[in-house]
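Student: Please find my_file_19.pdb (PDB, C-alpha atoms, pLDDT in the B column) on the next line:
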ATOM      1  CA  MET U   1       8.646 -19.717   1.375  1.00 73.00           C
ATOM      2  CA  GLU U   2       6.100 -19.925  -1.413  1.00 83.00           C
ATOM      3  CA  TRP U   3       3.081 -17.682  -0.904  1.00 93.00           C
ATOM      4  CA  ASP U   4      -0.326 -18.414  -2.413  1.00 96.00           C
ATOM      5  CA  ASP U   5      -2.953 -15.720  -2.952  1.00 97.00           C
ATOM      6  CA  ALA U   6      -4.761 -16.406   0.319  1.00 96.00           C
ATOM      7  CA  ALA U   7      -1.565 -16.034   2.324  1.00 97.00           C
ATOM      8  CA  LEU U   8      -0.499 -12.905   0.444  1.00 98.00           C
ATOM      9  CA  LEU U   9      -3.871 -11.211   0.883  1.00 97.00           C
ATOM     10  CA  ALA U  10      -3.844 -11.948   4.603  1.00 97.00           C
ATOM     11  CA  LEU U  11      -0.257 -10.769   4.879  1.00 98.00           C
ATOM     12  CA  GLU U  12      -0.944  -7.466   3.152  1.00 98.00           C
ATOM     13  CA  VAL U  13      -4.040  -6.792   5.246  1.00 97.00           C
ATOM     14  CA  ASP U  14      -1.978  -7.532   8.348  1.00 97.00           C
ATOM     15  CA  THR U  15       0.838  -5.282   7.112  1.00 97.00           C
ATOM     16  CA  ILE U  16      -1.455  -2.299   6.539  1.00 96.00           C
ATOM     17  CA  TYR U  17      -4.216  -2.746   9.102  1.00 95.00           C
ATOM     18  CA  GLY U  18      -3.126  -5.355  11.628  1.00 96.00           C
ATOM     19  CA  LEU U  19      -5.039  -8.624  11.230  1.00 96.00           C
ATOM     20  CA  GLU U  20      -6.488 -10.942  13.850  1.00 92.00           C
ATOM     21  CA  PRO U  21      -7.367 -14.245  12.157  1.00 87.00           C
ATOM     22  CA  ALA U  22     -10.903 -15.525  12.417  1.00 83.00           C
ATOM     23  CA  ALA U  23     -11.804 -17.639  15.417  1.00 77.00           C
ATOM     24  CA  ALA U  24     -13.895 -20.738  14.881  1.00 70.00           C
ATOM     25  CA  GLY U  25     -17.121 -19.721  13.194  1.00 68.00           C
ATOM     26  CA  GLY U  26     -16.235 -16.037  13.220  1.00 79.00           C
ATOM     27  CA  LEU U  27     -14.682 -13.426  10.983  1.00 85.00           C
ATOM     28  CA  ALA U  28     -11.203 -11.972  10.891  1.00 91.00           C
ATOM     29  CA  THR U  29     -10.764  -8.484  12.346  1.00 93.00           C
ATOM     30  CA  VAL U  30      -8.364  -5.601  11.834  1.00 94.00           C
ATOM     31  CA  THR U  31      -6.878  -3.979  14.876  1.00 91.00           C
ATOM     32  CA  ASP U  32      -5.316  -0.588  14.383  1.00 78.00           C
ATOM     33  CA  LYS U  33      -7.055   1.436  11.695  1.00 77.00           C
ATOM     34  CA  PRO U  34     -10.352   3.375  11.790  1.00 86.00           C
ATOM     35  CA  VAL U  35     -12.157   1.259   9.214  1.00 93.00           C
ATOM     36  CA  LYS U  36     -15.416  -0.635   9.419  1.00 94.00           C
ATOM     37  CA  ALA U  37     -14.226  -3.447   7.161  1.00 95.00           C
ATOM     38  CA  VAL U  38     -11.510  -4.484   4.722  1.00 96.00           C
ATOM     39  CA  TRP U  39     -12.103  -6.687   1.707  1.00 96.00           C
ATOM     40  CA  ALA U  40      -9.120  -8.131  -0.117  1.00 97.00           C
ATOM     41  CA  TRP U  41      -9.544 -10.342  -3.125  1.00 95.00           C
ATOM     42  CA  SER U  42      -7.799 -11.804  -6.106  1.00 96.00           C
ATOM     43  CA  PRO U  43      -8.973 -14.097  -8.880  1.00 95.00           C
ATOM     44  CA  ARG U  44      -8.190 -17.050  -6.608  1.00 94.00           C
ATOM     45  CA  SER U  45      -8.952 -15.923  -3.067  1.00 95.00           C
ATOM     46  CA  ARG U  46     -10.834 -13.402  -0.958  1.00 94.00           C
ATOM     47  CA  LEU U  47     -10.678 -12.166   2.634  1.00 94.00           C
ATOM     48  CA  LEU U  48     -13.114 -10.081   4.675  1.00 93.00           C
ATOM     49  CA  ALA U  49     -11.990  -8.550   7.962  1.00 94.00           C
ATOM     50  CA  LEU U  50     -14.183  -6.374  10.178  1.00 93.00           C
ATOM     51  CA  GLY U  51     -12.957  -3.233  11.849  1.00 93.00           C
ATOM     52  CA  PRO U  52     -12.707  -2.736  15.614  1.00 88.00           C
ATOM     53  CA  GLY U  53     -16.137  -2.606  17.174  1.00 81.00           C
ATOM     54  CA  VAL U  54     -17.951  -4.050  14.149  1.00 87.00           C
ATOM     55  CA  THR U  55     -19.461  -7.418  14.893  1.00 75.00           C
ATOM     56  CA  GLY U  56     -20.837 -10.087  12.641  1.00 63.00           C
ATOM     57  CA  PRO U  57     -22.669 -11.944  11.350  1.00 64.00           C
ATOM     58  CA  LEU U  58     -22.944 -10.286   7.980  1.00 68.00           C
ATOM     59  CA  PRO U  59     -26.371  -9.530   6.592  1.00 67.00           C
ATOM     60  CA  PRO U  60     -27.479 -12.463   4.467  1.00 65.00           C
ATOM     61  CA  PRO U  61     -27.437 -12.154   0.676  1.00 58.00           C
ATOM     62  CA  ALA U  62     -30.706 -11.617  -1.096  1.00 58.00           C
ATOM     63  CA  ALA U  63     -32.584 -14.687  -2.242  1.00 53.00           C
ATOM     64  CA  GLY U  64     -31.045 -16.071  -5.395  1.00 54.00           C
ATOM     65  CA  ASP U  65     -27.766 -14.172  -5.015  1.00 59.00           C
ATOM     66  CA  GLN U  66     -24.672 -16.103  -6.001  1.00 66.00           C
ATOM     67  CA  GLU U  67     -21.122 -15.490  -4.872  1.00 80.00           C
ATOM     68  CA  GLN U  68     -19.867 -12.413  -6.679  1.00 88.00           C
ATOM     69  CA  PRO U  69     -17.173 -13.320  -9.219  1.00 92.00           C
ATOM     70  CA  TYR U  70     -13.892 -11.442  -9.024  1.00 93.00           C
ATOM     71  CA  ALA U  71     -14.540  -7.980 -10.418  1.00 90.00           C
ATOM     72  CA  PRO U  72     -11.748  -5.673  -9.287  1.00 89.00           C
ATOM     73  CA  GLU U  73     -13.323  -2.436 -10.460  1.00 89.00           C
ATOM     74  CA  GLU U  74     -16.669  -3.164  -8.778  1.00 91.00           C
ATOM     75  CA  ALA U  75     -17.360  -2.612  -5.081  1.00 92.00           C
ATOM     76  CA  PRO U  76     -17.769  -5.984  -3.349  1.00 92.00           C
ATOM     77  CA  LEU U  77     -21.411  -6.767  -2.695  1.00 90.00           C
ATOM     78  CA  GLU U  78     -20.625  -7.988   0.807  1.00 88.00           C
ATOM     79  CA  LEU U  79     -19.188  -4.587   1.692  1.00 91.00           C
ATOM     80  CA  VAL U  80     -22.219  -2.851   0.202  1.00 91.00           C
ATOM     81  CA  ARG U  81     -24.589  -5.041   2.237  1.00 89.00           C
ATOM     82  CA  LEU U  82     -22.512  -4.467   5.370  1.00 91.00           C
ATOM     83  CA  ALA U  83     -22.503  -0.693   4.811  1.00 93.00           C
ATOM     84  CA  ARG U  84     -26.287  -0.685   4.550  1.00 91.00           C
ATOM     85  CA  ALA U  85     -26.654  -2.868   7.642  1.00 90.00           C
ATOM     86  CA  LEU U  86     -24.473  -0.428   9.580  1.00 90.00           C
ATOM     87  CA  GLY U  87     -26.612   2.495   8.486  1.00 91.00           C
ATOM     88  CA  VAL U  88     -24.011   4.097   6.224  1.00 92.00           C
ATOM     89  CA  ALA U  89     -25.854   6.854   4.391  1.00 90.00           C
ATOM     90  CA  ASP U  90     -23.875   6.685   1.155  1.00 94.00           C
ATOM     91  CA  PRO U  91     -22.141   3.308   0.670  1.00 91.00           C
ATOM     92  CA  ASP U  92     -20.656   4.406  -2.658  1.00 91.00           C
ATOM     93  CA  ALA U  93     -18.800   7.244  -0.943  1.00 93.00           C
ATOM     94  CA  ALA U  94     -17.783   5.129   2.062  1.00 95.00           C
ATOM     95  CA  ILE U  95     -16.259   2.275   0.048  1.00 96.00           C
ATOM     96  CA  GLU U  96     -12.933   2.845  -1.692  1.00 96.00           C
ATOM     97  CA  GLY U  97     -10.687   0.401  -3.468  1.00 96.00           C
ATOM     98  CA  GLY U  98      -7.609   0.036  -5.577  1.00 97.00           C
ATOM     99  CA  PRO U  99      -5.153  -2.473  -6.998  1.00 98.00           C
ATOM    100  CA  SER U 100      -2.486  -4.284  -5.036  1.00 98.00           C
ATOM    101  CA  PHE U 101       0.854  -5.569  -6.316  1.00 98.00           C
ATOM    102  CA  VAL U 102       3.734  -7.694  -5.070  1.00 98.00           C
ATOM    103  CA  PHE U 103       7.347  -7.006  -5.902  1.00 98.00           C
ATOM    104  CA  PRO U 104       8.848  -9.946  -7.801  1.00 96.00           C
ATOM    105  CA  ARG U 105      11.691 -11.948  -6.290  1.00 93.00           C
ATOM    106  CA  GLN U 106      13.936 -10.560  -9.005  1.00 94.00           C
ATOM    107  CA  LEU U 107      13.669  -6.946  -7.942  1.00 94.00           C
ATOM    108  CA  PRO U 108      13.503  -4.304 -10.651  1.00 90.00           C
ATOM    109  CA  THR U 109      16.707  -2.452 -11.439  1.00 91.00           C
ATOM    110  CA  PRO U 110      16.239   1.224 -10.599  1.00 92.00           C
ATOM    111  CA  PRO U 111      15.805   3.102 -13.867  1.00 90.00           C
ATOM    112  CA  PRO U 112      18.023   6.123 -14.459  1.00 92.00           C
ATOM    113  CA  ALA U 113      16.915   9.238 -12.596  1.00 93.00           C
ATOM    114  CA  GLU U 114      17.736  12.744 -13.768  1.00 94.00           C
ATOM    115  CA  LEU U 115      18.292  13.820 -10.152  1.00 97.00           C
ATOM    116  CA  PRO U 116      20.498  12.360  -7.408  1.00 97.00           C
ATOM    117  CA  VAL U 117      18.892   9.708  -5.212  1.00 98.00           C
ATOM    118  CA  ILE U 118      19.905   9.090  -1.597  1.00 98.00           C
ATOM    119  CA  VAL U 119      18.883   6.186   0.619  1.00 98.00           C
ATOM    120  CA  SER U 120      18.458   5.512   4.308  1.00 98.00           C
ATOM    121  CA  ASP U 121      21.997   4.317   4.993  1.00 97.00           C
ATOM    122  CA  ALA U 122      24.185   6.184   7.462  1.00 97.00           C
ATOM    123  CA  ASP U 123      25.372   8.702   4.876  1.00 98.00           C
ATOM    124  CA  GLY U 124      21.849   9.274   3.595  1.00 98.00           C
ATOM    125  CA  ARG U 125      20.420   9.810   7.067  1.00 97.00           C
ATOM    126  CA  ARG U 126      23.099  12.401   7.814  1.00 97.00           C
ATOM    127  CA  ALA U 127      22.429  14.145   4.506  1.00 97.00           C
ATOM    128  CA  ALA U 128      18.682  14.096   5.119  1.00 97.00           C
ATOM    129  CA  GLY U 129      19.162  16.058   8.316  1.00 97.00           C
ATOM    130  CA  ARG U 130      20.244  19.039   6.199  1.00 97.00           C
ATOM    131  CA  LEU U 131      17.374  18.867   3.709  1.00 98.00           C
ATOM    132  CA  GLU U 132      14.318  21.071   3.494  1.00 97.00           C
ATOM    133  CA  ARG U 133      11.275  19.401   4.989  1.00 97.00           C
ATOM    134  CA  PRO U 134       8.460  19.079   2.418  1.00 96.00           C
ATOM    135  CA  GLY U 135       5.400  21.002   3.492  1.00 94.00           C
ATOM    136  CA  ASN U 136       3.165  17.930   3.469  1.00 93.00           C
ATOM    137  CA  TRP U 137       5.219  16.260   6.217  1.00 95.00           C
ATOM    138  CA  GLU U 138       4.704  17.246   9.845  1.00 96.00           C
ATOM    139  CA  PRO U 139       7.936  17.918  11.762  1.00 97.00           C
ATOM    140  CA  ASP U 140       7.652  14.831  13.966  1.00 97.00           C
ATOM    141  CA  GLU U 141       6.785  12.611  10.991  1.00 96.00           C
ATOM    142  CA  TRP U 142       9.719  13.989   9.031  1.00 97.00           C
ATOM    143  CA  ALA U 143      12.127  13.438  11.934  1.00 97.00           C
ATOM    144  CA  GLU U 144      10.964   9.839  12.279  1.00 97.00           C
ATOM    145  CA  LEU U 145      11.308   9.284   8.541  1.00 97.00           C
ATOM    146  CA  ILE U 146      14.797  10.671   8.009  1.00 97.00           C
ATOM    147  CA  SER U 147      16.125   8.929  11.116  1.00 97.00           C
ATOM    148  CA  GLY U 148      15.191   5.577   9.600  1.00 95.00           C
ATOM    149  CA  ALA U 149      12.974   4.757  12.585  1.00 95.00           C
ATOM    150  CA  ALA U 150       9.973   4.240  10.301  1.00 93.00           C
ATOM    151  CA  GLY U 151      11.848   1.928   7.927  1.00 96.00           C
ATOM    152  CA  GLU U 152      13.816   2.203   4.724  1.00 98.00           C
ATOM    153  CA  TRP U 153      13.448   5.101   2.304  1.00 98.00           C
ATOM    154  CA  ALA U 154      14.849   6.540  -0.916  1.00 98.00           C
ATOM    155  CA  MET U 155      14.648  10.175  -2.068  1.00 98.00           C
ATOM    156  CA  ALA U 156      15.325  12.073  -5.260  1.00 98.00           C
ATOM    157  CA  LEU U 157      16.714  15.545  -4.570  1.00 98.00           C
ATOM    158  CA  ASP U 158      16.551  18.868  -6.347  1.00 98.00           C
ATOM    159  CA  GLY U 159      19.295  20.692  -4.473  1.00 97.00           C
ATOM    160  CA  PRO U 160      18.291  20.605  -0.777  1.00 97.00           C
ATOM    161  CA  ALA U 161      14.677  19.760  -1.581  1.00 98.00           C
ATOM    162  CA  PRO U 162      13.355  16.181  -1.641  1.00 98.00           C
ATOM    163  CA  VAL U 163      11.002  15.991  -4.614  1.00 98.00           C
ATOM    164  CA  SER U 164      10.199  12.267  -4.745  1.00 98.00           C
ATOM    165  CA  ILE U 165      10.204   9.925  -1.750  1.00 98.00           C
ATOM    166  CA  CYS U 166       9.496   6.219  -1.390  1.00 98.00           C
ATOM    167  CA  HIS U 167       9.236   5.153   2.233  1.00 98.00           C
ATOM    168  CA  THR U 168       7.781   2.461   4.486  1.00 97.00           C
ATOM    169  CA  PRO U 169       4.428   3.671   5.842  1.00 96.00           C
ATOM    170  CA  GLU U 170       3.407   0.193   7.024  1.00 96.00           C
ATOM    171  CA  ALA U 171       5.340  -2.952   7.924  1.00 97.00           C
ATOM    172  CA  ASN U 172       5.242  -6.047  10.072  1.00 97.00           C
ATOM    173  CA  ALA U 173       7.855  -8.694  10.813  1.00 96.00           C
ATOM    174  CA  THR U 174       7.530 -10.282   7.367  1.00 98.00           C
ATOM    175  CA  ALA U 175       6.412  -7.619   4.907  1.00 98.00           C
ATOM    176  CA  ALA U 176       6.576  -3.929   4.077  1.00 98.00           C
ATOM    177  CA  GLU U 177       4.313  -1.660   2.054  1.00 98.00           C
ATOM    178  CA  ALA U 178       5.736   0.989  -0.279  1.00 98.00           C
ATOM    179  CA  GLY U 179       4.559   4.574   0.068  1.00 97.00           C
ATOM    180  CA  ILE U 180       5.369   7.023  -2.720  1.00 97.00           C
ATOM    181  CA  TRP U 181       5.091  10.812  -2.932  1.00 96.00           C
ATOM    182  CA  THR U 182       6.330  13.094  -5.715  1.00 97.00           C
ATOM    183  CA  ARG U 183       6.059  16.873  -5.642  1.00 97.00           C
ATOM    184  CA  ALA U 184       3.494  18.088  -8.163  1.00 95.00           C
ATOM    185  CA  ASP U 185       5.956  20.072 -10.294  1.00 96.00           C
ATOM    186  CA  PHE U 186       8.241  17.040 -10.645  1.00 97.00           C
ATOM    187  CA  ARG U 187       5.637  14.473 -11.663  1.00 94.00           C
ATOM    188  CA  GLY U 188       5.947  12.885 -15.073  1.00 92.00           C
ATOM    189  CA  ARG U 189       9.753  12.889 -14.963  1.00 94.00           C
ATOM    190  CA  ARG U 190      10.189   9.176 -14.123  1.00 93.00           C
ATOM    191  CA  LEU U 191      11.450   9.891 -10.624  1.00 97.00           C
ATOM    192  CA  ALA U 192       8.894   7.718  -8.840  1.00 97.00           C
ATOM    193  CA  PRO U 193       9.916   4.424 -10.508  1.00 97.00           C
ATOM    194  CA  ALA U 194      13.555   5.137  -9.672  1.00 97.00           C
ATOM    195  CA  VAL U 195      12.968   5.809  -5.989  1.00 97.00           C
ATOM    196  CA  VAL U 196      10.465   2.947  -5.599  1.00 98.00           C
ATOM    197  CA  ALA U 197      12.885   0.441  -7.113  1.00 97.00           C
ATOM    198  CA  THR U 198      15.719   1.803  -4.970  1.00 97.00           C
ATOM    199  CA  TRP U 199      13.550   1.526  -1.857  1.00 98.00           C
ATOM    200  CA  ALA U 200      12.644  -2.067  -2.718  1.00 98.00           C
ATOM    201  CA  ARG U 201      16.270  -3.124  -2.928  1.00 97.00           C
ATOM    202  CA  ARG U 202      16.878  -1.811   0.579  1.00 97.00           C
ATOM    203  CA  ALA U 203      13.605  -3.042   2.106  1.00 97.00           C
ATOM    204  CA  ALA U 204      14.133  -6.558   0.702  1.00 97.00           C
ATOM    205  CA  ARG U 205      17.158  -6.963   2.957  1.00 95.00           C
ATOM    206  CA  HIS U 206      14.837  -7.043   5.970  1.00 94.00           C
ATOM    207  CA  LYS U 207      11.449  -8.220   4.662  1.00 97.00           C
ATOM    208  CA  GLU U 208      10.426 -11.357   2.817  1.00 97.00           C
ATOM    209  CA  VAL U 209       7.531  -9.769   0.896  1.00 98.00           C
ATOM    210  CA  LEU U 210       7.111  -6.233  -0.433  1.00 98.00           C
ATOM    211  CA  PHE U 211       3.727  -4.797  -1.408  1.00 98.00           C
ATOM    212  CA  TYR U 212       2.603  -1.813  -3.453  1.00 98.00           C
ATOM    213  CA  SER U 213      -1.005  -0.669  -3.461  1.00 97.00           C
ATOM    214  CA  THR U 214      -2.859   2.422  -4.569  1.00 97.00           C
ATOM    215  CA  THR U 215      -6.345   3.756  -5.229  1.00 96.00           C
ATOM    216  CA  ALA U 216      -8.338   3.170  -8.395  1.00 95.00           C
ATOM    217  CA  GLY U 217      -8.133   6.773  -9.523  1.00 94.00           C
ATOM    218  CA  ASN U 218      -4.430   7.283  -8.917  1.00 95.00           C
ATOM    219  CA  HIS U 219      -3.326   6.555 -12.459  1.00 93.00           C
ATOM    220  CA  ALA U 220       0.158   7.963 -11.928  1.00 93.00           C
ATOM    221  CA  SER U 221       0.766   5.537  -9.074  1.00 95.00           C
ATOM    222  CA  ARG U 222      -0.639   2.644 -11.078  1.00 96.00           C
ATOM    223  CA  SER U 223       1.715   3.543 -13.923  1.00 95.00           C
ATOM    224  CA  VAL U 224       4.675   3.198 -11.536  1.00 96.00           C
ATOM    225  CA  ALA U 225       3.649  -0.397 -10.826  1.00 96.00           C
ATOM    226  CA  ARG U 226       3.425  -1.097 -14.554  1.00 95.00           C
ATOM    227  CA  ALA U 227       6.758   0.574 -15.277  1.00 95.00           C
ATOM    228  CA  LEU U 228       8.495  -1.618 -12.687  1.00 96.00           C
ATOM    229  CA  GLY U 229       6.786  -4.834 -13.751  1.00 96.00           C
ATOM    230  CA  LEU U 230       5.238  -5.481 -10.346  1.00 97.00           C
ATOM    231  CA  THR U 231       3.111  -8.598 -10.061  1.00 97.00           C
ATOM    232  CA  PRO U 232      -0.633  -7.887  -9.789  1.00 97.00           C
ATOM    233  CA  LEU U 233      -2.075  -9.536  -6.684  1.00 98.00           C
ATOM    234  CA  GLY U 234      -5.662  -8.336  -6.492  1.00 97.00           C
ATOM    235  CA  TRP U 235      -7.702  -5.459  -5.139  1.00 97.00           C
ATOM    236  CA  LEU U 236      -8.079  -3.991  -1.654  1.00 97.00           C
ATOM    237  CA  TRP U 237     -11.331  -2.350  -0.586  1.00 97.00           C
ATOM    238  CA  THR U 238     -12.157  -0.494   2.623  1.00 96.00           C
ATOM    239  CA  LEU U 239     -15.442   0.536   4.173  1.00 95.00           C
ATOM    240  CA  ARG U 240     -14.986   3.626   6.335  1.00 92.00           C
TER     241      ARG U 240
END
Could the structure of this file be written out as structure tokens, please?
Tutor:
Amino acid sequence: MEWDDAALLALEVDTIYGLEPAAAGGLATVTDKPVKAVWAWSPRSRLLALGPGVTGPLPPPAAGDQEQPYAPEEAPLELVRLARALGVADPDAAIEGGPSFVFPRQLPTPPPAELPVIVSDADGRRAAGRLERPGNWEPDEWAELISGAAGEWAMALDGPAPVSICHTPEANATAAEAGIWTRADFRGRRLAPAVVATWARRAARHKEVLFYSTTAGNHASRSVARALGLTPLGWLWTLR
């Protein structure tokens, strides 16, 4: 299937937040995340979805306002107006955004990693059961991860310690979102691109579309997307 920007934006919002399409004359809504609104846009499309319990219509634009042109680094004016209408004290602090990418059909070849990488096949799941749990993972979350119940994963190991992990924090029937973590003392060693590319090759066996998104200030994560040649889609913004 060929996906245009509008379909991809809706698919990624659904993958991360759960999306209920707009009814006639209404607005789309997200279902399972504590956000007031999500704004997804690209140079060719845009989508606004309200959070649970937030009802439209949106506050009208000021007289003379025109539709805001695509400006990925700038908070969407519609979210700013909505934040003010909802009584948000500091819209700048409540609105956060970052770039979104799609993995190309020709998946990137995992670059060489200086450490061994295991994946969520049967052998990898057995090996993971003997690893040290990273301190930033709760025991139940870690058990779900290494069992494969949460989706595919890939890990770079320093002895019994996982030091870079790409996993599947969000997914639906069609798509999966990449989640990447690298231990602070192992950053800058090109482990993240290796595990992300390895994850993608496994996740693509089950999902038609793979997404990668991050926050504006996470330059290390954005550099992973550049290193792997991921296709820029647009920008995702949330109002919390």
Student: Can you work out the spacing between atom CA of U:Trp199 and atom CA of U:Pro232 in Å, to one decimal?
Tutor: 18.8 Å
Student: For stretch 151-157 of chain U, find every residue with an atom within 8 Å (counting only C-alpha atoms), except residues of its own chain fewer than 2 positions away, and show them as an NGL selection string.
Tutor: :U and (115-120 or 145 or 148-149 or 159-169 or 191 or 195-196 or 198-199 or 202-203)
Student: Convert the output of the PyMOL selection byres ((chain U and resi 45) around 8) on the shown file into explicit residues, formatted as an mmCIF file with C-alpha atoms, in the coordinates of the input.
Tutor:
data_model
loop_
_atom_site.group_PDB
_atom_site.id
_atom_site.type_symbol
_atom_site.label_atom_id
_atom_site.label_comp_id
_atom_site.auth_asym_id
_atom_site.auth_seq_id
_atom_site.Cartn_x
_atom_site.Cartn_y
_atom_site.Cartn_z
ATOM 1 C CA ASP U 5 -2.953 -15.720 -2.952
ATOM 2 C CA ALA U 6 -4.761 -16.406 0.319
ATOM 3 C CA LEU U 9 -3.871 -11.211 0.883
ATOM 4 C CA TRP U 41 -9.544 -10.342 -3.125
ATOM 5 C CA SER U 42 -7.799 -11.804 -6.106
ATOM 6 C CA PRO U 43 -8.973 -14.097 -8.880
ATOM 7 C CA ARG U 44 -8.190 -17.050 -6.608
ATOM 8 C CA ARG U 46 -10.834 -13.402 -0.958
ATOM 9 C CA LEU U 47 -10.678 -12.166 2.634
#
Student: Go through the shown structure with the PyMOL selection byres ((chain U and resi 93-103) around 10) and write out the matching residues as a PyMOL selection string.
Tutor: chain U and resi 8-9+12+35-42+72-76+79-80+83+88-92+104-108+177-178+197+200+204+209-218+222+225-226+228-240
Student: Calculate how many Å separate atom CA of U:Val54 from atom CA of U:Arg81, rounding to one decimal.
Tutor: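 Separating atom CA of U:Val54 from atom CA of U:Arg81 is a distance of 13.7 Å.
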Student: Generate a file for stretch 176-238 of chain U, containing C-alpha atoms, as a JSON list (two decimals), in the first residue's frame.
Tutor:
[["chain", "number", "residue", "atom", "x", "y", "z"],
["U", 176, "ALA", "CA", 5.23, 0.14, 15.28],
["U", 177, "GLU", "CA", 7.17, 2.97, 16.88],
["U", 178, "ALA", "CA", 10.86, 2.60, 17.76],
["U", 179, "GLY", "CA", 12.00, 3.38, 21.28],
["U", 180, "ILE", "CA", 15.72, 3.77, 21.93],
["U", 181, "TRP", "CA", 17.73, 3.98, 25.16],
["U", 182, "THR", "CA", 21.52, 3.98, 25.56],
["U", 183, "ARG", "CA", 23.30, 4.06, 28.91],
["U", 184, "ALA", "CA", 24.98, 7.42, 29.46],
["U", 185, "ASP", "CA", 28.54, 6.05, 29.59],
["U", 186, "PHE", "CA", 28.07, 4.25, 26.26],
["U", 187, "ARG", "CA", 26.63, 7.13, 24.25],
["U", 188, "GLY", "CA", 28.59, 8.38, 21.28],
["U", 189, "ARG", "CA", 29.86, 4.90, 20.39],
["U", 190, "ARG", "CA", 27.46, 4.28, 17.47],
["U", 191, "LEU", "CA", 25.53, 1.61, 19.34],
["U", 192, "ALA", "CA", 22.12, 3.22, 18.91],
["U", 193, "PRO", "CA", 22.10, 3.13, 15.08],
["U", 194, "ALA", "CA", 23.10, -0.53, 15.16],
["U", 195, "VAL", "CA", 20.36, -1.62, 17.53],
["U", 196, "VAL", "CA", 17.70, 0.57, 15.87],
["U", 197, "ALA", "CA", 18.46, -0.87, 12.44],
["U", 198, "THR", "CA", 18.49, -4.40, 13.87],
["U", 199, "TRP", "CA", 15.14, -3.78, 15.56],
["U", 200, "ALA", "CA", 13.65, -2.46, 12.32],
["U", 201, "ARG", "CA", 14.56, -5.60, 10.42],
["U", 202, "ARG", "CA", 12.71, -7.71, 12.96],
["U", 203, "ALA", "CA", 9.72, -5.38, 13.41],
["U", 204, "ALA", "CA", 9.21, -5.12, 9.63],
["U", 205, "ARG", "CA", 8.31, -8.81, 9.54],
["U", 206, "HIS", "CA", 5.09, -8.02, 11.40],
["U", 207, "LYS", "CA", 4.31, -4.36, 10.65],
["U", 208, "GLU", "CA", 3.78, -2.52, 7.38],
["U", 209, "VAL", "CA", 5.07, 0.86, 8.60],
["U", 210, "LEU", "CA", 7.77, 1.69, 11.15],
["U", 211, "PHE", "CA", 8.07, 5.10, 12.78],
["U", 212, "TYR", "CA", 10.79, 6.90, 14.71],
["U", 213, "SER", "CA", 10.10, 10.11, 16.58],
["U", 214, "THR", "CA", 11.89, 12.15, 19.20],
["U", 215, "THR", "CA", 11.86, 15.53, 20.92],
["U", 216, "ALA", "CA", 13.33, 18.71, 19.49],
["U", 217, "GLY", "CA", 16.12, 18.89, 22.03],
["U", 218, "ASN", "CA", 17.23, 15.27, 21.82],
["U", 219, "HIS", "CA", 20.02, 15.83, 19.33],
["U", 220, "ALA", "CA", 21.56, 12.41, 19.91],
["U", 221, "SER", "CA", 18.30, 10.72, 18.95],
["U", 222, "ARG", "CA", 17.89, 12.95, 15.92],
["U", 223, "SER", "CA", 21.41, 12.03, 14.83],
["U", 224, "VAL", "CA", 20.42, 8.34, 14.87],
["U", 225, "ALA", "CA", 17.66, 9.09, 12.36],
["U", 226, "ARG", "CA", 20.14, 10.93, 10.14],
["U", 227, "ALA", "CA", 22.74, 8.18, 10.42],
["U", 228, "LEU", "CA", 20.21, 5.57, 9.27],
["U", 229, "GLY", "CA", 18.79, 7.68, 6.46],
["U", 230, "LEU", "CA", 15.24, 7.63, 7.81],
["U", 231, "THR", "CA", 12.67, 9.53, 5.79],
["U", 232, "PRO", "CA", 11.49, 12.77, 7.46],
["U", 233, "LEU", "CA", 7.71, 12.78, 7.79],
["U", 234, "GLY", "CA", 6.90, 15.89, 9.80],
["U", 235, "TRP", "CA", 6.59, 17.04, 13.39],
["U", 236, "LEU", "CA", 4.48, 15.82, 16.31],
["U", 237, "TRP", "CA", 3.33, 18.23, 19.00],
["U", 238, "THR", "CA", 1.47, 17.52, 22.24]]
